[in-house]
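Trainee: Contents of start-v9.txt (compact mmCIF, C-alpha atoms) are given next:
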# COMPACT_ATOMS: atom_id res chain seq x y z
CA MET V 1 -147.00 190.11 50.58
CA LYS V 2 -143.69 191.84 51.42
CA HIS V 3 -145.06 192.77 54.82
CA LEU V 4 -146.10 189.21 55.61
CA PHE V 5 -142.60 187.74 55.13
CA PRO V 6 -141.11 189.26 58.33
CA ALA V 7 -144.16 188.16 60.31
CA PHE V 8 -143.86 184.65 58.83
CA CYS V 9 -140.16 184.50 59.77
CA LEU V 10 -140.93 185.71 63.29
CA VAL V 11 -143.57 183.01 63.77
CA LEU V 12 -141.32 180.35 62.22
CA PHE V 13 -138.22 181.16 64.29
CA THR V 14 -140.18 181.76 67.49
CA GLY V 15 -141.81 178.34 67.07
CA ILE V 16 -138.43 176.72 66.50
CA SER V 17 -136.83 178.38 69.52
CA ILE V 18 -139.74 177.41 71.76
CA SER V 19 -139.73 173.79 70.63
CA ALA V 20 -135.92 173.59 70.89
CA GLN V 21 -135.96 174.46 74.60
CA LYS V 22 -135.58 171.37 76.78
CA PRO V 23 -137.20 171.23 80.19
CA ASN V 24 -134.90 170.95 83.17
CA LEU V 25 -135.96 167.80 84.97
CA THR V 26 -135.12 167.10 88.57
CA ALA V 27 -133.81 163.70 89.60
CA ASP V 28 -137.14 162.98 91.32
CA GLU V 29 -139.11 163.84 88.17
CA LEU V 30 -136.88 161.66 86.02
CA ALA V 31 -137.17 158.74 88.47
CA TYR V 32 -140.97 159.13 88.44
CA ILE V 33 -141.10 159.18 84.62
CA LEU V 34 -138.90 156.08 84.36
CA GLY V 35 -140.73 154.24 87.17
CA ILE V 36 -137.69 154.03 89.45
CA THR V 37 -137.82 153.87 93.24
CA VAL V 38 -134.54 154.58 95.05
CA TRP V 39 -133.33 154.29 98.64
CA ARG V 40 -130.02 154.96 100.36
CA VAL V 41 -129.41 152.78 103.39
CA PRO V 42 -126.43 152.47 105.72
CA SER V 43 -123.96 149.71 104.91
CA VAL V 44 -123.47 146.73 107.17
CA GLN V 45 -120.61 147.45 109.60
CA ASN V 46 -118.80 144.12 109.10
CA GLN V 47 -116.90 144.18 105.78
CA ASP V 48 -117.62 140.48 105.15
CA TRP V 49 -121.36 141.16 105.06
CA GLU V 50 -123.57 142.98 102.55
CA TRP V 51 -127.26 143.46 101.89
CA ARG V 52 -129.41 140.91 100.04
CA LEU V 53 -132.83 141.95 98.70
CA GLN V 54 -135.59 139.46 99.51
CA VAL V 55 -139.36 139.14 99.35
CA ILE V 56 -140.53 137.30 102.47
CA ASP V 57 -143.83 136.36 104.06
CA ALA V 58 -145.16 139.20 106.19
CA THR V 59 -144.56 138.59 109.86
CA GLU V 60 -145.89 140.02 113.07
CA GLN V 61 -142.44 141.45 113.67
CA LYS V 62 -142.53 145.09 114.77
CA ILE V 63 -141.43 147.62 112.13
CA ILE V 64 -140.08 150.99 113.24
CA ASP V 65 -138.92 154.18 111.48
CA LYS V 66 -135.44 154.37 113.05
CA PRO V 67 -133.17 151.50 114.05
CA LEU V 68 -132.75 150.90 117.78
CA SER V 69 -129.18 149.64 117.46
CA LEU V 70 -126.75 151.56 115.26
CA LYS V 71 -123.68 149.45 116.07
CA GLU V 72 -124.28 147.04 113.15
CA LEU V 73 -124.81 149.83 110.60
CA ASP V 74 -122.18 152.09 109.05
CA TYR V 75 -123.71 155.46 108.20
CA SER V 76 -120.44 156.71 106.70
CA LYS V 77 -120.90 154.27 103.77
CA MET V 78 -124.31 154.24 102.18
CA ALA V 79 -125.64 151.53 99.88
CA LEU V 80 -127.92 152.45 96.97
CA ILE V 81 -130.93 150.32 96.03
CA ALA V 82 -132.98 151.09 92.93
CA LEU V 83 -136.00 149.19 91.62
CA ARG V 84 -137.40 149.89 88.16
CA PHE V 85 -140.69 148.38 87.05
CA THR V 86 -140.19 146.47 83.78
CA GLU V 87 -143.24 144.28 83.26
CA SER V 88 -145.99 142.43 85.10
CA GLU V 89 -144.81 142.25 88.74
CA THR V 90 -141.16 142.21 87.60
CA PHE V 91 -138.56 144.77 88.61
CA GLU V 92 -134.99 145.39 87.54
CA VAL V 93 -132.91 145.82 90.69
CA THR V 94 -129.64 147.68 91.04
CA LEU V 95 -127.89 147.20 94.36
CA SER V 96 -124.73 149.27 94.73
CA GLN V 97 -122.70 148.55 97.85
CA SER V 98 -119.21 149.20 99.13
CA PHE V 99 -117.74 146.15 97.36
CA GLY V 100 -119.48 146.41 94.01
CA GLN V 101 -122.75 146.57 92.19
CA SER V 102 -125.23 143.89 91.18
CA ARG V 103 -128.14 143.98 88.76
CA PHE V 104 -130.88 141.40 88.50
CA LYS V 105 -134.59 140.95 87.85
CA LEU V 106 -136.96 140.25 90.70
CA LYS V 107 -140.57 139.12 90.43
CA ILE V 108 -142.63 140.51 93.30
CA GLU V 109 -146.02 138.86 93.78
CA PRO V 110 -148.20 138.21 96.81
CA CYS V 111 -148.40 134.42 96.46
CA SER V 112 -145.83 131.67 96.12
CA GLU V 113 -146.04 129.02 93.38
CA LYS V 114 -147.08 126.51 96.06
CA GLU V 115 -150.01 128.74 97.16
CA LYS V 116 -151.08 129.22 93.53
CA LYS V 117 -151.08 125.47 92.82
CA ALA V 118 -153.05 124.78 96.00
CA GLY V 119 -155.64 127.41 95.04
CA ASP V 120 -154.85 129.50 98.13
CA CYS V 121 -154.12 132.65 96.16
CA PRO V 122 -156.92 134.90 94.94
CA GLU V 123 -154.99 136.04 91.81
CA ALA V 124 -158.12 137.72 90.44
CA LEU V 125 -157.71 140.37 93.16
CA GLY V 126 -154.46 141.63 91.57
CA SER V 127 -151.35 142.57 93.49
CA ASN V 128 -150.62 145.90 95.12
CA ILE V 129 -147.00 146.86 95.81
CA THR V 130 -146.42 149.77 98.19
CA PHE V 131 -142.89 151.09 98.55
CA TYR V 132 -142.09 153.13 101.65
CA PRO V 133 -140.68 156.59 100.86
CA GLU V 134 -138.00 156.03 103.52
CA PRO V 135 -136.61 152.66 104.61
CA ARG V 136 -138.06 151.23 107.81
CA PHE V 137 -136.41 148.76 110.17
CA PHE V 138 -137.31 145.57 112.00
CA ALA V 139 -137.27 146.46 115.69
CA ASP V 140 -134.86 143.61 116.44
CA GLY V 141 -132.35 145.01 113.93
CA SER V 142 -132.50 141.97 111.63
CA GLY V 143 -133.34 143.84 108.43
CA ILE V 144 -134.57 146.88 106.57
CA VAL V 145 -138.10 146.99 105.15
CA LEU V 146 -138.54 148.78 101.81
CA GLY V 147 -142.17 147.96 101.06
CA GLU V 148 -145.09 145.58 101.26
CA VAL V 149 -147.09 143.43 98.88
CA GLY V 150 -150.80 142.75 99.18
CA PHE V 151 -153.93 142.56 97.06
CA MET V 152 -155.54 145.49 95.25
CA ILE V 153 -159.13 144.64 96.20
CA ASN V 154 -158.54 144.35 99.93
CA SER V 155 -155.92 147.06 100.36
CA GLN V 156 -156.86 147.54 104.04
CA ALA V 157 -155.80 143.98 104.91
CA LYS V 158 -152.39 143.26 106.39
CA PRO V 159 -149.63 142.88 103.79
CA LYS V 160 -148.99 139.35 102.52
CA LYS V 161 -145.27 139.85 101.76
CA LEU V 162 -142.54 142.30 102.72
CA ILE V 163 -139.71 143.57 100.52
CA ILE V 164 -136.64 143.63 102.74
CA LEU V 165 -132.88 143.97 102.84
CA LYS V 166 -131.25 141.33 104.99
CA PRO V 167 -127.53 141.18 105.78
CA TYR V 168 -125.72 138.09 104.53
CA GLN V 169 -122.12 136.95 104.68
CA PHE V 170 -120.69 137.03 101.17
CA ARG V 171 -117.10 136.22 102.09
CA ARG V 172 -115.16 134.96 105.05
CA SER V 173 -112.13 136.76 106.49
CA PHE V 174 -109.29 134.63 107.78
CA ASN V 175 -107.85 137.06 110.31
Kindly transcribe the structure held in the file into structure tokens.
Mentor:
Amino acid sequence: MKHLFPAFCLVLFTGISISAQKPNLTADELAYILGITVWRVPSVQNQDWEWRLQVIDATEQKIIDKPLSLKELDYSKMALIALRFTESETFEVTLSQSFGQSRFKLKIEPCSEKEKKAGDCPEALGSNITFYPEPRFFADGSGIVLGEVGFMINSQAKPKKLIILKPYQFRRSFN
């Protein structure tokens, strides 16, 4: 019995030291675990304008990987956009820009209330939200595209909605 006590202590303390070690998580791993998608995008050049997150009907507008015109964007000041899934088609949004930070909830679904009431929305198909790993741009420079919304069953079809950042004037300078 005397000889078993040191072995018991070794097993006990080894088990405690192993379970007490915490894994080192990367920021990407933590974001994945918490269901957070994050982008950094250039700020709008004009200080009276900032980004507004919107879900719009998908258009035939050309989407490209890099903006054609950089004059409207300020790459020295980056805005941070984070979306965290909270519940059925609802996301908590954090939008941190040069003049402050906003937080709000955003429901992202493929059909409008009007389409649902008219029976023009096949809700039984379920929605499919695809976020782009890197922001994409409308070719005309009118906005940044973060993702698309469609239906799960027909995932090869064109997206029904786009998740975009659009510049808007939030204050007016009197210079």
Trainee: Enter the distance from CA of Ser43 in chain V to CA of Lys66 in chain V, in Å, rounded to one decimal.
Mentor: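 Pair CA of Ser43 in chain V / CA of Lys66 in chain V returns 14.8 Å.
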Trainee: Looking at V:Gly100, V:Gly126, V:Gly147, V:Pro133, which one is nearest to Trp51 in chain V, with distances taken over all atoms listed in the file?
Mentor: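 Among V:Gly100, V:Gly126, V:Gly147, V:Pro133, it is V:Gly100 that comes nearest to Trp51 in chain V.
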Trainee: Between V:Ala58, V:Met152, V:Ile64, V:Ile36, which residue has the minimum interatomic distance to Phe131 in chain V, considering all atoms listed in the file?
Mentor: V:Ile36
Trainee: What is the distance, in Å and to one decimal place, between CA of Lys62 in chain V and CA of Asp140 in chain V?
Mentor: 8.0 Å
Trainee: Would you list the contacts of range 79-91 of chain V as a PyMOL selection string, taking every protein, DNA or RNA residue within 10 Å and counting all atoms listed in the file, but skipping same-chain residues closer than 4 positions in sequence?
Mentor: chain V and resi 31-32+34-44+50-51+53+74-75+95-110+127-129+131+146+165
Trainee: Take CA of Asp120 in chain V and CA of Ile56 in chain V and report the distance between them in Å, one decimal.
Mentor: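 CA of Asp120 in chain V sits 16.9 Å away from CA of Ile56 in chain V.
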Trainee: Using only C-alpha atoms, which of V:Ile163, V:Gln61, V:Gly119, V:Met78 sits nearest Ala139 in chain V?
Mentor: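 Closest to Ala139 in chain V, using only C-alpha atoms: V:Gln61.
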Trainee: Could you name the residues that touch Lys158 in chain V at 10 Å or less, counting all atoms listed in the file, but leaving out those on the same chain fewer than 5 positions away, as an MDAnalysis selection string?
Mentor: chainID V and resid 58:60 148:151
Trainee: Pick from V:Asp65, V:Lys116, V:Glu72, V:Cys111: nearest to Tyr132 in chain V, with all atoms listed in the file counted?
Mentor: V:Asp65
Trainee: Is it possible to get the residues within 6 Å of (-128.9, 142.7, 109.0) (coordinates as in the file, counting only C-alpha atoms) written as a tab-separated table (two decimals) with C-alpha atoms, keeping the file's coordinate frame?
Mentor:
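Generated file (part-v4.tsv):
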chain	number	residue	atom	x	y	z
V	142	SER	CA	-132.50	141.97	111.63
V	143	GLY	CA	-133.34	143.84	108.43
V	166	LYS	CA	-131.25	141.33	104.99
V	167	PRO	CA	-127.53	141.18	105.78
